[in-house]
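Chemist: Input file: input-v6.csv. Contents: CSV, C-alpha atoms.
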```csv
chain,number,residue,atom,x,y,z
A,1,MET,CA,37.1,0.8,-5.2
A,2,ASP,CA,36.5,1.9,-1.7
A,3,LEU,CA,34.8,5.2,-0.8
A,4,TYR,CA,38.0,6.8,0.4
A,5,THR,CA,39.7,6.2,-2.9
A,6,ILE,CA,36.7,7.6,-4.8
A,7,PHE,CA,36.8,10.7,-2.5
A,8,LEU,CA,40.5,11.2,-3.3
A,9,LEU,CA,40.0,10.9,-7.0
A,10,MET,CA,37.1,13.4,-6.9
A,11,CYS,CA,39.3,15.9,-4.9
A,12,MET,CA,42.1,15.5,-7.4
A,13,PHE,CA,39.7,16.2,-10.3
A,14,ALA,CA,38.2,19.2,-8.5
A,15,ILE,CA,41.7,20.7,-7.8
A,16,GLY,CA,42.6,20.5,-11.4
A,17,SER,CA,44.0,18.5,-14.3
A,18,ALA,CA,45.0,19.3,-17.8
A,19,ARG,CA,42.2,19.3,-20.4
A,20,SER,CA,43.8,19.0,-23.9
A,21,VAL,CA,42.1,20.7,-26.8
A,22,GLU,CA,42.4,17.4,-28.6
A,23,GLU,CA,39.7,16.0,-26.2
A,24,PHE,CA,37.3,18.4,-27.7
A,25,GLY,CA,38.1,17.7,-31.4
A,26,ALA,CA,41.2,19.8,-32.2
A,27,VAL,CA,43.2,18.1,-35.0
A,28,GLY,CA,46.5,20.0,-34.8
A,29,ASP,CA,47.6,19.4,-38.4
A,30,GLY,CA,48.1,23.1,-39.2
A,31,ILE,CA,45.4,22.9,-41.9
A,32,THR,CA,42.2,22.1,-40.1
A,33,ASP,CA,40.5,25.1,-38.4
A,34,ASP,CA,40.5,24.1,-34.7
A,35,THR,CA,38.9,27.3,-33.4
A,36,ASN,CA,35.6,25.6,-32.3
A,37,ALA,CA,37.5,22.9,-30.4
A,38,PHE,CA,39.3,25.6,-28.4
A,39,LEU,CA,36.1,27.4,-27.5
A,40,LYS,CA,34.6,24.1,-26.3
A,41,THR,CA,37.6,23.4,-24.2
A,42,TRP,CA,37.5,26.9,-22.7
A,43,ASP,CA,33.8,26.6,-21.9
A,44,ALA,CA,34.4,23.4,-20.1
A,45,ILE,CA,37.2,24.9,-18.0
A,46,CYS,CA,35.8,28.4,-17.4
A,47,ASN,CA,32.4,27.0,-16.3
A,48,GLY,CA,33.6,23.8,-14.7
A,49,VAL,CA,34.0,22.6,-11.2
A,50,GLN,CA,37.8,22.3,-11.1
A,51,THR,CA,39.4,24.9,-8.8
A,52,ILE,CA,42.7,25.2,-10.7
A,53,PRO,CA,42.1,23.8,-14.2
A,54,THR,CA,44.6,23.8,-17.1
A,55,LEU,CA,43.8,24.2,-20.8
A,56,GLU,CA,46.6,22.4,-22.8
A,57,PHE,CA,47.8,22.9,-26.4
A,58,PRO,CA,50.0,19.8,-26.5
A,59,ALA,CA,53.6,19.7,-27.9
A,60,GLY,CA,54.2,18.3,-31.3
A,61,LYS,CA,51.1,19.8,-32.9
A,62,THR,CA,50.4,22.8,-35.0
A,63,PHE,CA,46.9,24.3,-34.5
A,64,LEU,CA,45.3,26.6,-37.0
A,65,MET,CA,43.1,29.3,-35.4
A,66,ASN,CA,40.7,32.0,-36.5
A,67,PRO,CA,40.3,35.1,-34.4
A,68,ILE,CA,39.2,34.0,-30.9
A,69,THR,CA,38.2,35.5,-27.6
A,70,PHE,CA,38.5,33.5,-24.3
A,71,SER,CA,36.0,35.4,-22.2
A,72,GLY,CA,35.4,35.5,-18.4
A,73,PRO,CA,34.5,35.9,-15.7
A,74,CYS,CA,35.2,32.2,-14.9
A,75,LYS,CA,34.2,30.1,-11.9
A,76,PRO,CA,37.8,29.1,-11.0
A,77,LYS,CA,39.9,31.7,-9.3
A,78,THR,CA,43.0,30.5,-11.3
A,79,ILE,CA,43.1,29.2,-14.8
A,80,THR,CA,46.3,27.9,-16.5
A,81,VAL,CA,46.7,27.9,-20.3
A,82,LEU,CA,49.6,25.7,-21.3
A,83,ILE,CA,50.9,26.3,-24.8
A,84,ASN,CA,53.5,23.8,-25.8
A,85,GLY,CA,52.2,23.2,-29.3
A,86,ASN,CA,52.4,25.8,-32.0
A,87,LEU,CA,49.5,28.1,-33.0
A,88,VAL,CA,49.2,29.6,-36.4
A,89,ALA,CA,46.8,32.4,-37.5
A,90,THR,CA,44.5,32.2,-40.4
A,91,THR,CA,45.4,34.3,-43.4
A,92,ASN,CA,41.7,34.6,-44.3
A,93,PHE,CA,41.1,38.4,-43.9
A,94,GLU,CA,37.3,37.8,-43.9
A,95,ALA,CA,37.5,35.8,-40.7
A,96,TYR,CA,38.6,39.0,-38.9
A,97,ASN,CA,35.5,40.9,-40.1
A,98,VAL,CA,33.4,39.0,-37.6
A,99,THR,CA,35.3,39.9,-34.4
A,100,GLY,CA,37.2,43.0,-35.5
A,101,ARG,CA,40.6,43.2,-37.0
A,102,ASP,CA,42.5,44.5,-34.0
A,103,ARG,CA,43.5,41.2,-32.4
A,104,TRP,CA,43.9,37.5,-33.1
A,105,ILE,CA,43.8,35.8,-29.6
A,106,SER,CA,42.1,37.7,-26.8
A,107,PHE,CA,41.6,37.0,-23.1
A,108,TYR,CA,38.9,39.2,-21.8
A,109,ASN,CA,37.9,39.7,-18.2
A,110,VAL,CA,39.7,36.5,-16.9
A,111,ASN,CA,41.3,37.0,-13.5
A,112,GLY,CA,44.0,34.7,-12.1
A,113,LEU,CA,45.1,33.7,-15.6
A,114,ARG,CA,48.4,31.9,-16.1
A,115,VAL,CA,49.7,31.5,-19.6
A,116,TYR,CA,52.8,29.3,-19.9
A,117,GLY,CA,54.6,27.3,-22.5
A,118,THR,CA,57.4,26.8,-25.0
A,119,GLY,CA,55.1,26.9,-28.0
A,120,GLN,CA,55.2,29.5,-30.8
A,121,LEU,CA,52.4,31.8,-31.8
A,122,ASP,CA,52.8,32.7,-35.5
A,123,GLY,CA,50.7,35.7,-36.6
A,124,ARG,CA,51.7,35.1,-40.3
A,125,GLY,CA,52.1,38.9,-40.6
A,126,LYS,CA,53.7,39.1,-44.0
A,127,VAL,CA,50.4,38.9,-45.8
A,128,TRP,CA,49.1,41.8,-43.7
A,129,TRP,CA,52.2,43.9,-44.2
A,130,THR,CA,51.8,43.5,-47.9
A,131,ALA,CA,48.1,44.2,-48.0
A,132,CYS,CA,48.0,46.9,-45.4
A,133,PRO,CA,51.3,48.8,-45.6
A,134,GLU,CA,51.9,51.8,-43.4
A,135,GLY,CA,48.8,51.2,-41.4
A,136,ARG,CA,46.5,51.8,-44.3
A,137,CYS,CA,44.0,49.3,-43.0
A,138,PRO,CA,43.5,47.6,-39.6
A,139,ARG,CA,45.8,44.8,-38.7
A,140,PRO,CA,45.5,42.5,-35.7
A,141,SER,CA,47.9,42.0,-32.8
A,142,ILE,CA,48.8,38.4,-31.8
A,143,LEU,CA,47.7,38.4,-28.1
A,144,ALA,CA,45.5,40.8,-26.2
A,145,PHE,CA,44.8,40.8,-22.4
A,146,ILE,CA,41.9,43.0,-21.6
A,147,GLY,CA,40.6,43.4,-18.1
A,148,CYS,CA,42.7,40.5,-16.8
A,149,ASN,CA,43.9,41.0,-13.2
A,150,ASN,CA,46.5,39.0,-11.4
A,151,LEU,CA,48.0,37.8,-14.7
A,152,LEU,CA,51.1,35.8,-15.4
A,153,VAL,CA,52.5,35.2,-18.9
A,154,LYS,CA,55.8,33.3,-19.2
A,155,GLY,CA,57.9,31.5,-21.8
A,156,LEU,CA,56.0,32.2,-24.9
A,157,ARG,CA,57.4,32.9,-28.4
A,158,THR,CA,55.6,35.1,-30.9
A,159,LEU,CA,56.5,35.4,-34.5
A,160,ASN,CA,55.6,37.9,-37.3
A,161,SER,CA,52.7,39.7,-35.7
A,162,PRO,CA,50.6,41.6,-38.3
A,163,ARG,CA,50.7,44.6,-35.8
A,164,ASN,CA,52.0,44.7,-32.2
A,165,HIS,CA,52.6,41.3,-30.6
A,166,ILE,CA,51.0,41.8,-27.2
A,167,SER,CA,48.3,44.3,-26.1
A,168,ILE,CA,47.7,45.0,-22.4
A,169,VAL,CA,44.5,47.0,-21.6
A,170,GLY,CA,42.8,47.5,-18.3
A,171,VAL,CA,45.1,45.2,-16.4
A,172,ARG,CA,46.0,45.3,-12.7
A,173,LYS,CA,48.9,43.3,-11.4
A,174,ALA,CA,50.7,41.3,-14.1
A,175,LEU,CA,54.1,39.7,-14.8
A,176,PHE,CA,55.4,39.0,-18.3
A,177,SER,CA,58.6,36.9,-18.2
A,178,SER,CA,61.0,35.0,-20.4
A,179,LEU,CA,59.2,36.0,-23.7
A,180,HIS,CA,60.7,36.1,-27.2
A,181,LEU,CA,58.9,38.4,-29.6
A,182,LYS,CA,60.2,38.5,-33.1
A,183,ALA,CA,59.5,40.2,-36.4
A,184,PRO,CA,61.7,41.7,-39.1
A,185,GLY,CA,63.2,45.1,-38.4
A,186,ASP,CA,61.5,46.6,-41.5
A,187,SER,CA,58.0,45.3,-40.6
A,188,VAL,CA,56.0,48.5,-39.9
A,189,ASN,CA,54.1,48.9,-36.6
A,190,THR,CA,55.0,45.5,-35.2
A,191,ASP,CA,55.6,46.7,-31.7
A,192,GLY,CA,56.5,44.1,-29.1
A,193,ILE,CA,54.3,45.0,-26.1
A,194,VAL,CA,51.9,48.0,-26.0
A,195,MET,CA,49.9,48.9,-22.9
A,196,TYR,CA,47.1,51.2,-22.0
A,197,ASP,CA,45.4,51.6,-18.6
A,198,ALA,CA,47.7,49.3,-16.7
A,199,THR,CA,48.9,49.3,-13.1
A,200,ASN,CA,51.5,47.2,-11.3
A,201,VAL,CA,52.9,45.5,-14.3
A,202,ARG,CA,56.4,43.8,-14.5
A,203,ILE,CA,58.2,42.8,-17.8
A,204,GLU,CA,61.4,41.0,-17.3
A,205,ASP,CA,64.0,38.6,-18.7
A,206,SER,CA,62.8,38.9,-22.3
A,207,THR,CA,64.0,39.4,-25.9
A,208,ILE,CA,62.1,41.7,-28.2
A,209,GLU,CA,63.1,42.0,-31.9
A,210,THR,CA,60.6,44.0,-33.9
A,211,GLY,CA,60.0,46.7,-36.5
A,212,ASP,CA,58.7,49.3,-34.0
A,213,ASP,CA,58.8,50.0,-30.3
A,214,CYS,CA,60.0,47.0,-28.3
A,215,ILE,CA,57.7,48.3,-25.5
A,216,GLY,CA,55.2,51.1,-26.0
A,217,ILE,CA,53.8,52.8,-22.8
A,218,THR,CA,50.7,54.8,-23.5
A,219,SER,CA,48.3,56.6,-21.2
A,220,LYS,CA,46.9,55.6,-17.8
A,221,VAL,CA,50.0,53.5,-16.9
A,222,THR,CA,51.3,53.6,-13.4
A,223,THR,CA,53.9,51.5,-11.5
A,224,LEU,CA,55.5,49.7,-14.4
A,225,ASN,CA,58.8,47.9,-14.0
A,226,ILE,CA,60.8,46.7,-17.0
A,227,THR,CA,64.1,44.9,-16.3
A,228,ARG,CA,66.6,42.7,-18.1
A,229,VAL,CA,65.0,43.2,-21.6
A,230,ASN,CA,67.1,42.8,-24.7
A,231,CYS,CA,65.7,45.1,-27.4
A,232,GLY,CA,66.7,45.2,-31.1
A,233,PRO,CA,66.1,45.6,-33.8
A,234,GLY,CA,63.3,48.0,-33.1
A,235,HIS,CA,62.5,51.5,-31.9
A,236,GLY,CA,63.5,51.1,-28.3
A,237,ILE,CA,61.4,51.5,-25.2
A,238,SER,CA,59.1,54.4,-25.5
A,239,VAL,CA,56.8,56.3,-23.1
A,240,GLY,CA,54.2,57.4,-25.6
A,241,SER,CA,53.1,58.4,-27.8
A,242,LEU,CA,50.9,60.5,-25.5
A,243,GLY,CA,48.5,63.4,-26.1
A,244,GLY,CA,47.3,62.5,-29.6
A,245,GLY,CA,44.0,64.1,-30.6
A,246,GLY,CA,44.0,66.2,-27.5
A,247,GLU,CA,44.2,63.2,-25.1
A,248,ILE,CA,44.7,63.9,-21.4
A,249,ALA,CA,47.6,61.6,-20.6
A,250,LEU,CA,48.5,60.0,-17.3
A,251,VAL,CA,51.8,58.2,-16.8
A,252,ASP,CA,53.3,57.9,-13.3
A,253,GLY,CA,56.0,55.5,-12.1
A,254,VAL,CA,57.9,53.9,-15.0
A,255,TYR,CA,61.1,52.1,-14.0
A,256,VAL,CA,63.3,50.7,-16.8
A,257,SER,CA,66.6,49.0,-15.7
A,258,HIS,CA,69.3,46.7,-16.8
A,259,CYS,CA,68.2,46.6,-20.5
A,260,ASN,CA,70.2,46.3,-23.6
A,261,PHE,CA,69.6,48.0,-26.9
A,262,THR,CA,71.2,46.7,-30.1
A,263,GLY,CA,70.9,48.4,-33.5
A,264,THR,CA,67.7,50.3,-32.4
A,265,LEU,CA,66.3,53.4,-34.0
A,266,ASN,CA,65.9,54.8,-30.5
A,267,ALA,CA,66.9,53.5,-27.1
A,268,VAL,CA,65.1,55.2,-24.2
A,269,ARG,CA,62.4,57.7,-25.4
A,270,ILE,CA,59.5,59.8,-24.3
A,271,LYS,CA,57.2,61.0,-27.2
A,272,THR,CA,54.2,63.3,-27.1
A,273,PHE,CA,51.9,65.0,-29.6
A,274,PRO,CA,51.5,68.7,-29.3
A,275,GLY,CA,48.0,69.8,-28.2
A,276,GLY,CA,47.5,67.1,-25.6
A,277,GLY,CA,47.3,67.5,-21.8
A,278,GLY,CA,48.0,65.6,-18.6
A,279,TYR,CA,51.4,64.5,-17.5
A,280,ALA,CA,54.2,61.9,-17.6
A,281,LYS,CA,56.3,61.9,-14.5
A,282,ASN,CA,58.5,59.8,-12.2
A,283,ILE,CA,60.2,58.0,-15.0
A,284,TRP,CA,63.6,56.2,-14.5
A,285,PHE,CA,65.9,54.7,-17.1
A,286,THR,CA,68.9,53.2,-15.3
A,287,ASP,CA,71.7,50.8,-16.0
A,288,ILE,CA,71.2,50.8,-19.8
A,289,GLU,CA,73.6,49.4,-22.3
A,290,LEU,CA,73.7,50.7,-25.9
A,291,HIS,CA,75.2,48.9,-28.9
A,292,ASP,CA,75.1,51.0,-32.1
A,293,SER,CA,71.8,52.7,-31.1
A,294,ASP,CA,70.4,55.7,-32.9
A,295,ASN,CA,68.9,58.5,-30.7
A,296,PRO,CA,70.0,56.9,-27.5
A,297,ILE,CA,68.4,59.4,-25.1
A,298,PHE,CA,65.4,61.2,-26.6
A,299,ILE,CA,62.6,63.4,-25.4
A,300,ASP,CA,60.4,64.4,-28.3
A,301,GLN,CA,57.4,66.6,-27.6
A,302,PHE,CA,56.9,67.4,-31.3
A,303,TYR,CA,56.0,63.8,-32.4
A,304,PRO,CA,55.8,63.2,-35.3
A,305,LYS,CA,57.4,66.4,-36.4
A,306,PHE,CA,54.5,68.7,-35.4
A,307,PHE,CA,55.5,72.1,-34.2
A,308,LEU,CA,52.5,73.7,-32.6
A,309,ASP,CA,52.0,76.2,-29.8
A,310,GLY,CA,49.4,75.5,-27.2
A,311,PRO,CA,48.7,72.9,-24.4
A,312,ASP,CA,51.0,70.0,-24.0
A,313,VAL,CA,51.7,66.9,-21.9
A,314,LYS,CA,53.7,68.0,-18.9
A,315,ILE,CA,56.9,66.0,-18.5
A,316,SER,CA,58.7,66.1,-15.2
A,317,ASP,CA,60.9,64.1,-12.8
A,318,VAL,CA,62.7,62.0,-15.5
A,319,HIS,CA,66.0,60.3,-14.6
A,320,PHE,CA,68.6,58.9,-17.0
A,321,THR,CA,71.2,57.2,-14.9
A,322,ARG,CA,74.2,54.9,-15.7
A,323,ILE,CA,73.7,54.7,-19.4
A,324,LYS,CA,76.7,53.6,-21.5
A,325,GLY,CA,77.5,52.3,-24.9
A,326,THR,CA,77.7,53.5,-28.5
A,327,SER,CA,75.6,55.8,-30.7
A,328,ILE,CA,75.4,55.9,-34.4
A,329,ARG,CA,73.9,59.4,-34.4
A,330,GLU,CA,76.2,62.3,-33.4
A,331,THR,CA,73.4,63.7,-31.3
A,332,ALA,CA,73.4,61.2,-28.5
A,333,ILE,CA,71.2,63.2,-26.1
A,334,ASN,CA,68.3,65.0,-27.6
A,335,LEU,CA,65.8,66.8,-25.3
A,336,GLN,CA,63.1,68.6,-27.3
A,337,CYS,CA,60.5,69.9,-24.8
A,338,SER,CA,57.3,71.8,-25.1
A,339,ARG,CA,57.5,75.4,-26.0
A,340,ALA,CA,54.5,76.1,-23.6
A,341,LEU,CA,55.6,74.1,-20.6
A,342,GLY,CA,59.1,72.9,-21.0
A,343,CYS,CA,60.3,69.7,-19.2
A,344,HIS,CA,61.3,70.0,-15.6
A,345,GLY,CA,63.4,67.8,-13.3
A,346,ILE,CA,65.4,66.1,-16.1
A,347,TYR,CA,68.4,64.4,-14.5
A,348,LEU,CA,71.3,63.0,-16.4
A,349,THR,CA,73.8,61.1,-14.2
A,350,ASP,CA,76.8,58.9,-15.1
A,351,ILE,CA,76.2,58.9,-18.8
A,352,ASN,CA,79.0,57.6,-21.0
A,353,ILE,CA,78.1,57.3,-24.7
A,354,THR,CA,80.8,57.1,-27.3
A,355,PRO,CA,80.7,57.0,-31.2
A,356,SER,CA,79.9,53.8,-32.9
A,357,LYS,CA,82.6,52.2,-35.1
A,358,LYS,CA,80.1,52.8,-37.9
A,359,ASN,CA,80.5,56.5,-37.4
A,360,PRO,CA,82.9,58.5,-39.5
A,361,PRO,CA,86.4,58.8,-38.1
A,362,ARG,CA,86.9,61.4,-35.4
A,363,SER,CA,83.2,61.8,-34.9
A,364,LYS,CA,82.2,63.8,-31.8
A,365,LEU,CA,78.9,63.2,-30.0
A,366,THR,CA,76.8,66.1,-28.7
A,367,ALA,CA,73.8,66.8,-26.6
A,368,ILE,CA,71.1,69.3,-27.7
A,369,CYS,CA,68.2,70.7,-25.6
A,370,SER,CA,65.2,72.9,-26.1
A,371,ASN,CA,63.2,74.1,-23.1
A,372,ALA,CA,64.6,71.3,-20.9
A,373,HIS,CA,65.3,72.1,-17.2
A,374,GLY,CA,67.4,69.9,-15.0
A,375,LYS,CA,70.9,68.8,-14.0
A,376,ALA,CA,73.7,66.8,-15.5
A,377,LEU,CA,76.4,65.1,-13.5
A,378,ARG,CA,79.3,63.0,-15.0
A,379,THR,CA,77.7,63.0,-18.4
A,380,SER,CA,79.5,62.4,-21.7
A,381,PRO,CA,78.7,64.0,-24.1
A,382,ALA,CA,78.3,67.0,-21.8
A,383,ALA,CA,74.7,68.2,-21.5
A,384,THR,CA,75.5,71.9,-20.9
A,385,CYS,CA,72.4,72.8,-22.8
A,386,LEU,CA,70.1,71.9,-19.8
A,387,LEU,CA,68.5,74.9,-18.2
A,388,PRO,CA,68.3,75.4,-14.4
```
Show how you would write the structure in this file as C-alpha cells.

Modeler:
Amino acid sequence: MDLYTIFLLMCMFAIGSARSVEEFGAVGDGITDDTNAFLKTWDAICNGVQTIPTLEFPAGKTFLMNPITFSGPCKPKTITVLINGNLVATTNFEAYNVTGRDRWISFYNVNGLRVYGTGQLDGRGKVWWTACPEGRCPRPSILAFIGCNNLLVKGLRTLNSPRNHISIVGVRKALFSSLHLKAPGDSVNTDGIVMYDATNVRIEDSTIETGDDCIGITSKVTTLNITRVNCGPGHGISVGSLGGGGEIALVDGVYVSHCNFTGTLNAVRIKTFPGGGGYAKNIWFTDIELHDSDNPIFIDQFYPKFFLDGPDVKISDVHFTRIKGTSIRETAINLQCSRALGCHGIYLTDINITPSKKNPPRSKLTAICSNAHGKALRTSPAATCLLP
C-alpha cells in the first residue's frame, strides 16, 4: 500500500466512521445488560481523534440499558448517535438509586450532538405507574438533554415513559423533528416534551400521544417555535405551569402554529400558580385545528384550583389566531386571569369553534373571562367578556 493511500485512509478515519456498540461488547439480546459497552463506546468517541464520529445502535437488535449519562465536553465538535436498534429500560428500581430516579438516558454538556434513527426507546413505564401512582415517588424520563447546544434530534420513537418522554434543560439552539412519543392517555404525568431554560428551540413534524401535556413549557424559555405537531391523547400544549413555590417566571417568544389536537383535555393553554412572579409574554397560537378537544382555549392563573390574592405571573401579549374545530366542553374559551394583575393584550382573531357531535343536541358554546383585557375579532363563540 503506497503512502498516498495510507494518508487517504487516515483522513477518512479522522473525519469519522460509525462505531457500533457491538464492537465494545454489547450483546443486543434484550436480556443482557449492555450499559458498560455503551459507556466504553462513548468514551472512545468522545475522547477520540475522529472529527465527526458516529455511535451506532444497529438495527435488528434490542439493547437492555440501565440509567446512563453520556457526558461531555467531547473533543469532536460534532457527534452523531445513530439509534436504529431498540433500547429497553431496566425495570430494576434499585439501578436508578445510583444516578437518581429522574432520567433514564441523559446527554450532559455535549455540544454539536446529532441523534437520529428509526429505533424505539421503551421506558417500560407500566411498572412505574403501578408502583408510583400520582407522582408519589420519583419516576424517570426516557431522554434528557442537559446543557447541550446546537442539538438535533430526529426520527426517534419513544414508548411508555415512566414520566415525561423528553426533558430539555439549559439548551441553546436545538431542533426536534419527526418524533413519535407515545403512552396511554390515562398514564399520569407522561408529558411528551418538557423544557426549562431553553433558547432558540424548534419542535416540528411530530406526533405526541401521552397522558399529560404533549409539550410543557416552563420558565426561562425564549424563542420557541412549535409547528406541525399532532397532539392527542394528552393535555395539549401548555405554557406552564409557572410560578410554583413563588418562582419568578420568564417566558418570552413562544410560537405555536399548524398544530392539530385530537381528544385532548386541553388544547392551547397557559397555566400559572398564584403567588409567583415574573412574566409570560409574546405568545402566539395560530392555525390550530381542534377535534373534540376539551378546554380548547384556556388561560388558568389559579392552577391547580388555588384562589389566592397576592403577587402573580404577569401574562401579556397573547394571540389566539385562526383556531377552528370542535369542543366537547361548552366553555370553549376560558380566560381566568390574576385578580391582582389581570391579563393584558389578549387577542382573539378568526376563531371558529363549534360543538362536538359528542355534545348534547342544541349545545351552545360560550366564552367566559375574568380580569382579561384585550380584543376579539371574528370570534365564535363571541368573547364579549373581554375587558378593554

Chemist: Atom CA of A:Ile79 and atom CA of A:Gly123 are how many Å apart?

Modeler: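 Computing the Euclidean distance for atom CA of A:Ile79 and atom CA of A:Gly123 yields 24.0 Å.
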
Chemist: Would you mind listing what lies within 7 Å of A:Ile193 as a PDB file with C-alpha atoms, keeping the file's coordinate frame, with all atoms listed in the file counted and same-chain residues fewer than 4 positions away left out?

Modeler:
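Okay, this is what ended up in selection16.pdb:
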```
ATOM      1  CA  ASN A 164      52.000  44.700 -32.200  1.00  0.00           C
ATOM      2  CA  HIS A 165      52.600  41.300 -30.600  1.00  0.00           C
ATOM      3  CA  ILE A 166      51.000  41.800 -27.200  1.00  0.00           C
ATOM      4  CA  SER A 167      48.300  44.300 -26.100  1.00  0.00           C
ATOM      5  CA  CYS A 214      60.000  47.000 -28.300  1.00  0.00           C
ATOM      6  CA  ILE A 215      57.700  48.300 -25.500  1.00  0.00           C
ATOM      7  CA  GLY A 216      55.200  51.100 -26.000  1.00  0.00           C
TER       8      GLY A 216
END
```

Chemist: Scan for residues within 12 Å of the point (51.9, 66.7, -23.1) in the coordinates of the file, using all atoms listed in the file, and reply as a PyMOL selection string.

Modeler: chain A and resi 218-219+239-251+270-281+299-303+308-316+337-343

Chemist: Just to be explicit: take each residue in the selection above, keep C-alpha atoms, and write the result as a tab-separated table (two decimals), keeping the file's coordinate frame.

Modeler:
```tsv
chain	number	residue	atom	x	y	z
A	218	THR	CA	50.70	54.80	-23.50
A	219	SER	CA	48.30	56.60	-21.20
A	239	VAL	CA	56.80	56.30	-23.10
A	240	GLY	CA	54.20	57.40	-25.60
A	241	SER	CA	53.10	58.40	-27.80
A	242	LEU	CA	50.90	60.50	-25.50
A	243	GLY	CA	48.50	63.40	-26.10
A	244	GLY	CA	47.30	62.50	-29.60
A	245	GLY	CA	44.00	64.10	-30.60
A	246	GLY	CA	44.00	66.20	-27.50
A	247	GLU	CA	44.20	63.20	-25.10
A	248	ILE	CA	44.70	63.90	-21.40
A	249	ALA	CA	47.60	61.60	-20.60
A	250	LEU	CA	48.50	60.00	-17.30
A	251	VAL	CA	51.80	58.20	-16.80
A	270	ILE	CA	59.50	59.80	-24.30
A	271	LYS	CA	57.20	61.00	-27.20
A	272	THR	CA	54.20	63.30	-27.10
A	273	PHE	CA	51.90	65.00	-29.60
A	274	PRO	CA	51.50	68.70	-29.30
A	275	GLY	CA	48.00	69.80	-28.20
A	276	GLY	CA	47.50	67.10	-25.60
A	277	GLY	CA	47.30	67.50	-21.80
A	278	GLY	CA	48.00	65.60	-18.60
A	279	TYR	CA	51.40	64.50	-17.50
A	280	ALA	CA	54.20	61.90	-17.60
A	281	LYS	CA	56.30	61.90	-14.50
A	299	ILE	CA	62.60	63.40	-25.40
A	300	ASP	CA	60.40	64.40	-28.30
A	301	GLN	CA	57.40	66.60	-27.60
A	302	PHE	CA	56.90	67.40	-31.30
A	303	TYR	CA	56.00	63.80	-32.40
A	308	LEU	CA	52.50	73.70	-32.60
A	309	ASP	CA	52.00	76.20	-29.80
A	310	GLY	CA	49.40	75.50	-27.20
A	311	PRO	CA	48.70	72.90	-24.40
A	312	ASP	CA	51.00	70.00	-24.00
A	313	VAL	CA	51.70	66.90	-21.90
A	314	LYS	CA	53.70	68.00	-18.90
A	315	ILE	CA	56.90	66.00	-18.50
A	316	SER	CA	58.70	66.10	-15.20
A	337	CYS	CA	60.50	69.90	-24.80
A	338	SER	CA	57.30	71.80	-25.10
A	339	ARG	CA	57.50	75.40	-26.00
A	340	ALA	CA	54.50	76.10	-23.60
A	341	LEU	CA	55.60	74.10	-20.60
A	342	GLY	CA	59.10	72.90	-21.00
A	343	CYS	CA	60.30	69.70	-19.20
```

Chemist: If you count all atoms listed in the file, which residues fall within 10 Å of A:Trp284, apart from same-chain ones fewer than 6 positions away, as a list in words?

Modeler: Asn225, Gly253, Val254, Tyr255, Val256, Ser257, Val268, Asp317, Val318, His319, Phe320, Thr321 and Tyr347 of chain A

Chemist: Nearest to A:Thr41 among A:His258, A:Arg19, A:Lys305, A:Arg139, with distances taken over all atoms listed in the file: which residue is it?

Modeler: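 With all atoms listed in the file as the atom set, the closest residue is A:Arg19.
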
Chemist: Write out as a list of chain:residue names which residues come within 10 Å of A:Ile142 when counting all atoms listed in the file, dropping same-chain ones fewer than 5 positions away.

Modeler: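 The neighbour list is A:Pro67, A:Val88, A:Ala89, A:Asp102, A:Arg103, A:Trp104, A:Ile105, A:Ser106, A:Leu121, A:Asp122, A:Gly123, A:Arg124, A:Gly125, A:Thr158, A:Leu159, A:Asn160, A:Ser161, A:Pro162, A:Arg163, A:Asn164, A:His165, A:Ile166, A:Ser167, A:Gly192.
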
Chemist: What does the structure give for the distance between atom CA of A:Thr354 and atom CA of A:Ser238, in Å to one decimal?

Modeler: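 According to the coordinates, atom CA of A:Thr354 and atom CA of A:Ser238 are separated by 21.9 Å.
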
Chemist: Closest to A:Pro233 among A:Pro140, A:Pro184, A:Pro53, A:Gly147, using only C-alpha atoms?

Modeler: A:Pro184

Chemist: Of the candidates A:Ala183, A:Val153, A:Val110, A:Ala332, which shows the shortest atom-to-atom distance to A:Ile203, using only C-alpha atoms?

Modeler: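 Of all the options, A:Val153 lies closest to A:Ile203.
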
Chemist: Report, in Å with one decimal, the straight-line distance from atom CA of A:Trp129 to atom CA of A:Thr35.

Modeler: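 Computing the Euclidean distance for atom CA of A:Trp129 and atom CA of A:Thr35 yields 23.9 Å.
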
Chemist: Taking only C-alpha atoms into account, which of A:Phe285, A:Phe93, A:Phe261, A:Tyr108 comes nearest A:Phe145?

Modeler: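 Among A:Phe285, A:Phe93, A:Phe261, A:Tyr108, it is A:Tyr108 that comes nearest to A:Phe145.
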
Chemist: Could you check which of A:Ser177, A:Asn149, A:Asn86, A:Asn92 is closest to A:Asn111, using only C-alpha atoms?

Modeler: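 Checking each of A:Ser177, A:Asn149, A:Asn86, A:Asn92 against A:Asn111, counting only C-alpha atoms, the winner is A:Asn149.
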
Chemist: Would you be able to write out as a ChimeraX atom specification which residues have an atom within 9 Å of (74.2, 50.4, -29.2) in the file's coordinates, counting all atoms listed in the file?

Modeler: /A:260-264,267,289-294,296,324-328,356

Chemist: Out of A:Ala26, A:Lys40, A:Asn97, A:Thr118, which residue has the shortest atom-to-atom distance to A:Ala59 when counting only C-alpha atoms?

Modeler: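 Ranked by minimum distance to A:Ala59, first place goes to A:Thr118.
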
Chemist: Do a neighbour search on A:Asn36 at 12 Å with all atoms listed in the file, toss out local chain neighbours closer than 4 positions, and write the hits as a list in words.

Modeler: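 Counting only the stated atoms, we get Val21, Glu22, Phe24, Gly25, Ala26, Val27, Thr32, Lys40, Thr41, Trp42, Asp43, Phe63, Leu64, Met65, Asn66, Pro67, Ile68, Thr69 and Phe70 of chain A.
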